[in-house]
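Colleague: Sharing a structure, written as structure tokens. Questions coming.
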Amino acid sequence: MRELVEYIARNLVDDPEAVRVNEREEENAFILELTVAPDDMGKVIGKQGRIAKAIRTVVKAATTKSPKKYIVEII
């Protein structure tokens, strides 16, 4: 899942080298922390958070059979 979020983010931003995705595990969820360059933050979040919501929707759809939830946090 980490690779999917990284791929989507790299194609959205102007500085793809600054994209980082850290994955950490909690007791019932995996948390994907997406970090981008400060200038690209608006491109990843989008107007009224629409792009961020779309990224979360894609991740949720890709992990429907997983026993744990995946949560995308934009840092």
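Residue numbers start at 1 in each chain; chains themselves are named A, B, ... in the order of the structure tokens; ligands are numbered from 1 in the order shown.
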Hey, what's within 6 Å of Leu34 of chain A if we count only C-alpha atoms and toss same-chain stuff fewer than 4 positions away? As a list of chain:residue names, please?
Modeller: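 Contacts, in chain order: A:Arg20, A:Val21, A:Ile74, A:Ile75.
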Colleague: Quick one: pick out all strand (DSSP E or B) residues within segment 8-57 of chain A from a backbone DSSP run and write them as a ChimeraX atom specification.
Modeller: /A:20-25,29-35
Colleague: Which one is closest to Val58 of chain A: A:Leu32, A:Glu26, A:Val13, A:Leu4? Count only C-alpha atoms.
Modeller: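 Looking only at the distances to Val58 of chain A, the closest residue turns out to be A:Leu4.
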Colleague: Nearest residue to Met41 of chain A out of A:Lys65, A:Ile71, A:Met1, A:Val19, using only C-alpha atoms?
Modeller: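 Nearest candidate to Met41 of chain A out of A:Lys65, A:Ile71, A:Met1, A:Val19: A:Val19.
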Colleague: Figure out the distance between atom CA of Asp15 of chain A and atom CA of Ile51 of chain A, please, to one decimal in Å.
Modeller: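 Distance reported for this atom pair: 17.2 Å.
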Colleague: Enter the distance from atom CA of Asp40 of chain A to atom CA of Ala18 of chain A, in Å, rounded to one decimal.
Modeller: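 Distance reported for this atom pair: 9.3 Å.
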Colleague: Select, from A:Glu23, A:Glu17, A:Glu33, A:Glu73, the residue with the minimum atom-to-atom distance to Lys53 of chain A, counting only C-alpha atoms.
Modeller: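 Smallest distance to Lys53 of chain A is found for A:Glu73.
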Colleague: Just the number, please: distance in Å from atom CA of Asp14 of chain A to atom CA of Asp39 of chain A, one decimal.
Modeller: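 Taking atom CA of Asp14 of chain A and atom CA of Asp39 of chain A, their separation equals 8.5 Å.
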Colleague: Could you find all residues in chain A that DSSP calls helix (DSSP H, G or I) from the backbone, and write them as a PyMOL selection string?
Modeller: chain A and resi 2-12+16-18+38-45+47-62
Colleague: Pick the closest to Val5 of chain A from A:Gln48, A:Thr35, A:Thr64, A:Asn28: which is it, counting only C-alpha atoms?
Modeller: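 Of the candidates, the smallest distance to Val5 of chain A is held by A:Thr35.
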Colleague: Identify which of the residues A:Ile8, A:Glu27, A:Gly49, A:Arg2 lies closest to Thr63 of chain A, counting only C-alpha atoms when measuring atom-to-atom distances.
Modeller: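 Of A:Ile8, A:Glu27, A:Gly49, A:Arg2, the one nearest Thr63 of chain A, counting only C-alpha atoms, is A:Arg2.
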Colleague: Which residues are near Asn11 of chain A? Cut-off 10 Å, only C-alpha atoms, ignore same chain within fewer than 5 positions. Put them as a list of chain:residue names.
Modeller: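 Listed by chain and then number, they are A:Glu6, A:Pro16, A:Val44.
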Colleague: Dump N, CA and C atoms for the selected residues as a compact mmCIF listing (two decimals), in the first residue's frame?
Modeller:
```
# COMPACT_ATOMS: atom_id res chain seq x y z
N GLU A 6 2.69 6.38 -2.59
CA GLU A 6 3.88 7.07 -3.09
C GLU A 6 3.75 7.35 -4.59
N PRO A 16 8.92 15.42 -7.10
CA PRO A 16 8.66 14.03 -6.69
C PRO A 16 9.73 13.43 -5.78
N VAL A 44 -1.42 18.12 -3.04
CA VAL A 44 -1.78 16.82 -2.49
C VAL A 44 -3.11 16.89 -1.74
```
